[in-house]
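Asker: Just dropping this structure here.
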Amino acid sequence: MTFHPLKLFLAVSSLACFIAFQTQASPSQKQDLKNKNNLSQNTQPVEKVLVISHVCSDSLVIRAQKLSSTQASQTCAMLTEKEKLFHETFQQKDNPVKHDFNSKLRVNIYASRDDYAKFATQHFNISTDNGGMYLEGLPHLPDNQAEFITYFRGDIIWNLSHEYIHYLDGRFNIYGDFCAALHDSHEPPENCAKPAPLLPHTVWWSEGMAEYLAKGNTHPRAFDAIEKSENNFSLSQIFDTSYEKNGGTERVYYWGYFATRYMLEEQRDKTEQMLVFLRTGDFPRYQALLRSWGDSLDKPFAAWLKQQLKEYSALKSNQAVNTSK
Ligand SMILES: [Zn+2]
């Protein structure tokens, strides 16, 4: 749950730059240019770039390159609201998972996408072809600092709620660090060992639930994506979602959104049973539990999803009628 490659829209532009670079430079030229870039970028430590500091609460601090006092208070209010919703949903406020010292999240905000691309690799050892990243670190170490790294996109701080939910999920729902959970990401900075564990993984839950609590019942992008989707995943297939294999934005975030929403709204007892294993880090029993469900939830999930899409479609038609009046 630590590393969240939100390669949504921004990956396209950075990929275009990368391809242009590749076609114009030889390997040695590329290395020279890389060294030069690193030299010019390595001159400013994170404290000199993210100069604004703001304490939201006991569990949240902000470091930013730019942030007005209005933006700071709005951001704190919004995240505090999400935290409240998270604890109302899971009722674990006073019970973080064992051996978790991540009592506080630090949100690091660069002024723009360009600043993020320029500094974040140097400051946090992360790739920047994404929309921000949450680094859980090693939560069992008392001096560990959980970090969320993001940037302003216009006036909006990108992916803020989604990532804050990851932090809370990691502290209250899933035992251990990112590499302990079930997925197939081996990228820096964690460099989790290969091979990946067997399926099912926990990606559908961590990404889908972050989308669900961040967006609530109103998530037009997810509805539109599923309406147009050529895939028709069953719930048991969604449980097998991961980052590299069985991944992609649609499956990870949008199908994940509906799967977690269904489990939380319609299968709460089963979800609680599952969370007992996730909270204690008993991943073999988590996998055995999901396998024991087999395809028994596939039909009820499909029927529920059909109903959600029908209601969404009716809502859209009503809105269209109202706006044309
Ligand atoms: Zn995420």
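Ligands are numbered from 1 in the order shown, chains are lettered A, B, ... in the order of the structure tokens, and residues start at 1 in each chain.
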Neighbours of stretch 200-207 of chain A within 10 Å (only C-alpha atoms; same-chain residues fewer than 2 positions away dropped), as a PyMOL selection string?
Answerer: chain A and resi 1-2+4+6+162-163+165-166+169-170+173-174+181-184+196-198+209-212+236-243+247+251-261+263+278+283-284+286-288+290-291
Asker: Could the residues in this selection be saved with N, CA and C atoms as a short mmCIF file (atom, residue, chain, number, x, y, z; two decimals), in the first residue's frame?
Answerer:
```
data_model
loop_
_atom_site.label_atom_id
_atom_site.label_comp_id
_atom_site.auth_asym_id
_atom_site.auth_seq_id
_atom_site.Cartn_x
_atom_site.Cartn_y
_atom_site.Cartn_z
N MET A 1 0.81 -1.21 0.00
CA MET A 1 0.00 0.00 0.00
C MET A 1 0.84 1.25 0.00
N THR A 2 2.15 1.06 0.06
CA THR A 2 3.00 2.23 0.17
C THR A 2 3.21 2.93 -1.15
N HIS A 4 2.22 3.91 -4.78
CA HIS A 4 0.99 3.97 -5.55
C HIS A 4 1.19 4.70 -6.85
N LEU A 6 0.14 6.30 -9.54
CA LEU A 6 -1.07 6.83 -10.14
C LEU A 6 -0.77 7.39 -11.52
N HIS A 162 -7.13 10.56 -1.81
CA HIS A 162 -6.82 9.15 -2.11
C HIS A 162 -5.57 8.71 -1.33
N GLU A 163 -4.54 9.55 -1.36
CA GLU A 163 -3.28 9.16 -0.71
C GLU A 163 -3.40 9.20 0.81
N ILE A 165 -6.02 8.43 2.44
CA ILE A 165 -6.70 7.17 2.80
C ILE A 165 -5.68 6.02 2.82
N HIS A 166 -4.73 6.03 1.88
CA HIS A 166 -3.69 4.99 1.90
C HIS A 166 -2.94 5.00 3.24
N ASP A 169 -5.22 3.54 5.82
CA ASP A 169 -5.40 2.10 5.57
C ASP A 169 -4.16 1.34 6.05
N GLY A 170 -2.99 1.91 5.77
CA GLY A 170 -1.75 1.27 6.19
C GLY A 170 -1.58 1.25 7.71
N ASN A 173 -5.57 -0.74 8.87
CA ASN A 173 -6.17 -1.93 8.24
C ASN A 173 -5.18 -2.98 7.75
N ILE A 174 -3.96 -2.57 7.42
CA ILE A 174 -3.05 -3.56 6.82
C ILE A 174 -1.73 -3.57 7.58
N ALA A 181 2.75 -6.55 2.22
CA ALA A 181 1.42 -6.76 1.62
C ALA A 181 1.56 -7.48 0.28
N LEU A 182 0.42 -7.81 -0.34
CA LEU A 182 0.44 -8.69 -1.51
C LEU A 182 0.27 -7.89 -2.80
N HIS A 183 1.32 -7.86 -3.61
CA HIS A 183 1.28 -7.14 -4.89
C HIS A 183 2.50 -7.55 -5.69
N ASP A 184 2.63 -6.98 -6.89
CA ASP A 184 3.78 -7.36 -7.72
C ASP A 184 4.60 -6.15 -8.16
N ALA A 196 6.69 -12.15 -7.01
CA ALA A 196 5.54 -11.66 -6.27
C ALA A 196 4.81 -12.82 -5.63
N PRO A 197 4.11 -12.57 -4.52
CA PRO A 197 3.32 -13.65 -3.91
C PRO A 197 2.24 -14.14 -4.87
N LEU A 198 1.70 -15.30 -4.57
CA LEU A 198 0.61 -15.83 -5.39
C LEU A 198 -0.64 -14.97 -5.21
N MET A 209 -10.43 0.92 -2.25
CA MET A 209 -10.98 1.54 -1.04
C MET A 209 -10.56 3.00 -0.94
N ALA A 210 -9.31 3.31 -1.36
CA ALA A 210 -8.87 4.71 -1.35
C ALA A 210 -9.73 5.54 -2.30
N GLU A 211 -10.07 4.96 -3.44
CA GLU A 211 -10.96 5.67 -4.37
C GLU A 211 -12.36 5.84 -3.76
N TYR A 212 -12.84 4.79 -3.13
CA TYR A 212 -14.21 4.83 -2.58
C TYR A 212 -14.34 5.87 -1.47
N SER A 236 -14.49 -12.09 -8.42
CA SER A 236 -13.35 -12.97 -8.13
C SER A 236 -12.15 -12.63 -9.02
N GLN A 237 -12.41 -12.12 -10.21
CA GLN A 237 -11.29 -11.66 -11.06
C GLN A 237 -10.69 -10.37 -10.51
N ILE A 238 -11.53 -9.50 -10.00
CA ILE A 238 -11.01 -8.23 -9.46
C ILE A 238 -10.11 -8.50 -8.25
N PHE A 239 -10.43 -9.52 -7.47
CA PHE A 239 -9.55 -9.85 -6.33
C PHE A 239 -8.13 -10.19 -6.79
N ASP A 240 -7.99 -10.62 -8.03
CA ASP A 240 -6.66 -10.98 -8.56
C ASP A 240 -5.94 -9.80 -9.21
N THR A 241 -6.45 -8.61 -9.03
CA THR A 241 -5.81 -7.41 -9.59
C THR A 241 -4.47 -7.14 -8.91
N SER A 242 -3.50 -6.67 -9.70
CA SER A 242 -2.24 -6.22 -9.10
C SER A 242 -1.73 -5.02 -9.89
N TYR A 243 -0.45 -4.66 -9.72
CA TYR A 243 0.04 -3.48 -10.42
C TYR A 243 0.60 -3.83 -11.80
N GLY A 247 -3.13 -5.42 -14.15
CA GLY A 247 -3.21 -4.04 -13.65
C GLY A 247 -3.90 -3.11 -14.64
N ARG A 251 -8.76 -1.20 -14.30
CA ARG A 251 -8.98 -2.36 -13.40
C ARG A 251 -8.61 -2.02 -11.95
N VAL A 252 -7.47 -1.36 -11.78
CA VAL A 252 -6.98 -1.08 -10.42
C VAL A 252 -7.91 -0.10 -9.70
N TYR A 253 -8.17 1.04 -10.33
CA TYR A 253 -8.87 2.12 -9.63
C TYR A 253 -10.40 2.06 -9.77
N TYR A 254 -10.89 1.78 -10.98
CA TYR A 254 -12.33 1.88 -11.19
C TYR A 254 -13.05 0.57 -10.85
N TRP A 255 -12.55 -0.55 -11.35
CA TRP A 255 -13.14 -1.82 -10.93
C TRP A 255 -12.88 -2.02 -9.43
N GLY A 256 -11.72 -1.59 -8.98
CA GLY A 256 -11.40 -1.67 -7.54
C GLY A 256 -12.38 -0.85 -6.71
N TYR A 257 -12.74 0.32 -7.22
CA TYR A 257 -13.72 1.19 -6.54
C TYR A 257 -15.04 0.44 -6.34
N PHE A 258 -15.54 -0.17 -7.41
CA PHE A 258 -16.83 -0.86 -7.29
C PHE A 258 -16.73 -2.11 -6.42
N ALA A 259 -15.61 -2.81 -6.52
CA ALA A 259 -15.46 -4.03 -5.72
C ALA A 259 -15.45 -3.71 -4.22
N THR A 260 -14.68 -2.69 -3.82
CA THR A 260 -14.61 -2.37 -2.39
C THR A 260 -15.93 -1.76 -1.91
N ARG A 261 -16.54 -0.97 -2.78
CA ARG A 261 -17.83 -0.38 -2.40
C ARG A 261 -18.87 -1.48 -2.18
N MET A 263 -18.26 -4.63 -1.39
CA MET A 263 -17.92 -5.41 -0.19
C MET A 263 -18.30 -4.65 1.08
N LEU A 278 -6.06 -9.12 7.44
CA LEU A 278 -5.18 -8.05 6.94
C LEU A 278 -4.54 -7.29 8.10
N PHE A 283 -1.55 -13.00 5.87
CA PHE A 283 -1.90 -12.97 4.45
C PHE A 283 -2.27 -14.34 3.88
N PRO A 284 -1.63 -15.44 4.34
CA PRO A 284 -2.09 -16.74 3.82
C PRO A 284 -3.57 -17.01 4.14
N TYR A 286 -5.84 -14.66 4.65
CA TYR A 286 -6.60 -13.72 3.79
C TYR A 286 -6.83 -14.36 2.42
N GLN A 287 -5.76 -14.92 1.85
CA GLN A 287 -5.88 -15.51 0.52
C GLN A 287 -6.80 -16.74 0.55
N ALA A 288 -6.65 -17.54 1.61
CA ALA A 288 -7.50 -18.73 1.72
C ALA A 288 -8.97 -18.34 1.85
N LEU A 290 -10.47 -15.58 0.67
CA LEU A 290 -10.98 -15.13 -0.62
C LEU A 290 -11.17 -16.30 -1.58
N ARG A 291 -10.24 -17.24 -1.52
CA ARG A 291 -10.39 -18.42 -2.38
C ARG A 291 -11.61 -19.24 -1.96
#
```
Asker: Excluding A:Glu250 and any residue of its chain fewer than 5 positions from it, enumerate the residues within 8 Å of it, using only C-alpha atoms, and give them as an MDAnalysis selection string.
Answerer: chainID A and resid 222 225:226 255
Asker: One number please: atom CA of A:Glu311 to atom CA of A:Leu264, in Å, one decimal.
Answerer: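 Between atom CA of A:Glu311 and atom CA of A:Leu264 the gap works out to 18.9 Å.
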Asker: Please identify the helix (DSSP H, G or I) residues within stretch 98-244 of chain A (assignment by DSSP from backbone atoms) and present them as a ChimeraX atom specification.
Answerer: /A:113-124,160-172,178-180,203-215,220-228,235-238
Asker: Export C-alpha atoms of the chosen residues as a compact mmCIF listing (two decimals), in the first residue's frame?
Answerer:
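Okay, selection.txt is ready:
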```
# COMPACT_ATOMS: atom_id res chain seq x y z
CA ARG A 113 4.24 19.20 -12.06
CA ASP A 114 7.57 20.54 -13.37
CA ASP A 115 8.91 21.09 -9.87
CA TYR A 116 7.79 17.60 -8.90
CA ALA A 117 9.65 16.15 -11.90
CA LYS A 118 12.68 18.29 -11.12
CA PHE A 119 13.07 17.57 -7.42
CA ALA A 120 11.11 14.54 -6.22
CA THR A 121 13.53 11.88 -7.47
CA GLN A 122 16.42 13.59 -5.75
CA HIS A 123 14.49 14.28 -2.56
CA PHE A 124 12.62 10.98 -2.18
CA LEU A 160 -4.65 14.28 -1.87
CA SER A 161 -7.65 12.43 -0.40
CA HIS A 162 -6.82 9.15 -2.11
CA GLU A 163 -3.28 9.16 -0.71
CA TYR A 164 -4.37 10.18 2.75
CA ILE A 165 -6.70 7.17 2.80
CA HIS A 166 -3.69 4.99 1.90
CA TYR A 167 -1.90 6.31 4.95
CA LEU A 168 -4.88 5.52 7.19
CA ASP A 169 -5.40 2.10 5.57
CA GLY A 170 -1.75 1.27 6.19
CA ARG A 171 -1.98 2.29 9.82
CA PHE A 172 -5.35 0.83 10.75
CA PHE A 178 4.50 -2.13 1.62
CA CYS A 179 6.60 -5.18 0.78
CA ALA A 180 4.78 -7.28 3.37
CA VAL A 203 -4.19 -4.13 -4.60
CA TRP A 204 -7.94 -4.22 -5.36
CA TRP A 205 -8.59 -3.36 -1.72
CA SER A 206 -5.96 -0.68 -1.09
CA GLU A 207 -6.50 1.19 -4.36
CA GLY A 208 -10.25 0.60 -4.65
CA MET A 209 -10.98 1.54 -1.04
CA ALA A 210 -8.87 4.71 -1.35
CA GLU A 211 -10.96 5.67 -4.37
CA TYR A 212 -14.21 4.83 -2.58
CA LEU A 213 -13.55 6.84 0.57
CA ALA A 214 -11.99 9.70 -1.41
CA LYS A 215 -14.91 9.99 -3.83
CA PRO A 220 -18.41 9.86 -12.54
CA ARG A 221 -14.99 8.89 -13.94
CA ALA A 222 -15.34 5.37 -12.52
CA PHE A 223 -18.96 5.03 -13.71
CA ASP A 224 -18.13 6.31 -17.19
CA ALA A 225 -15.11 4.02 -17.43
CA ILE A 226 -17.09 0.92 -16.45
CA GLU A 227 -19.99 1.85 -18.73
CA LYS A 228 -17.63 2.05 -21.69
CA LEU A 235 -15.61 -9.93 -8.47
CA SER A 236 -13.35 -12.97 -8.13
CA GLN A 237 -11.29 -11.66 -11.06
CA ILE A 238 -11.01 -8.23 -9.46
```
Asker: For the strand (DSSP E or B) assignment from backbone DSSP, which residues of stretch 6-235 of chain A qualify? Please present them as a PyMOL selection string.
Answerer: chain A and resi 52-57+60-64+105-110+133-135+146-153+156-157
Asker: Neighbours of A:Arg279 within 9 Å (only C-alpha atoms; same-chain residues fewer than 3 positions away dropped), as a ChimeraX atom specification?
Answerer: /A:96-98,172-176,274-276,282
Asker: Since we have the selection now, will you write its residues out, keeping C-alpha atoms, as a CSV table (one decimal), in the first residue's frame?
Answerer:
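File written: result23.csv
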```
chain,number,residue,atom,x,y,z
A,96,PRO,CA,-3.7,0.9,14.9
A,97,VAL,CA,-2.2,-2.4,13.7
A,98,LYS,CA,0.5,-3.8,15.9
A,172,PHE,CA,-5.4,0.8,10.7
A,173,ASN,CA,-6.2,-1.9,8.2
A,174,ILE,CA,-3.0,-3.6,6.8
A,175,TYR,CA,-0.2,-4.9,8.9
A,176,GLY,CA,3.4,-4.3,8.0
A,274,MET,CA,-11.1,-10.4,5.8
A,275,LEU,CA,-9.9,-7.3,7.7
A,276,VAL,CA,-9.1,-9.4,10.7
A,282,ASP,CA,-2.0,-13.1,8.2
```
Asker: From the options A:Ile156, A:Met133, A:Ala111, A:Ala146, which residue's atoms come nearest to ligand 1, counting only C-alpha atoms and all ligand atoms?
Answerer: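 Distance minimum relative to ligand 1 lands on A:Met133.
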Asker: Which residue out of A:Thr89, A:Asn159, A:Ser73, A:Thr218 has the minimum interatomic distance to ligand 1 when only C-alpha atoms and all ligand atoms are used?
Answerer: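 Using only C-alpha atoms and all ligand atoms, ligand 1 sits closest to A:Asn159.
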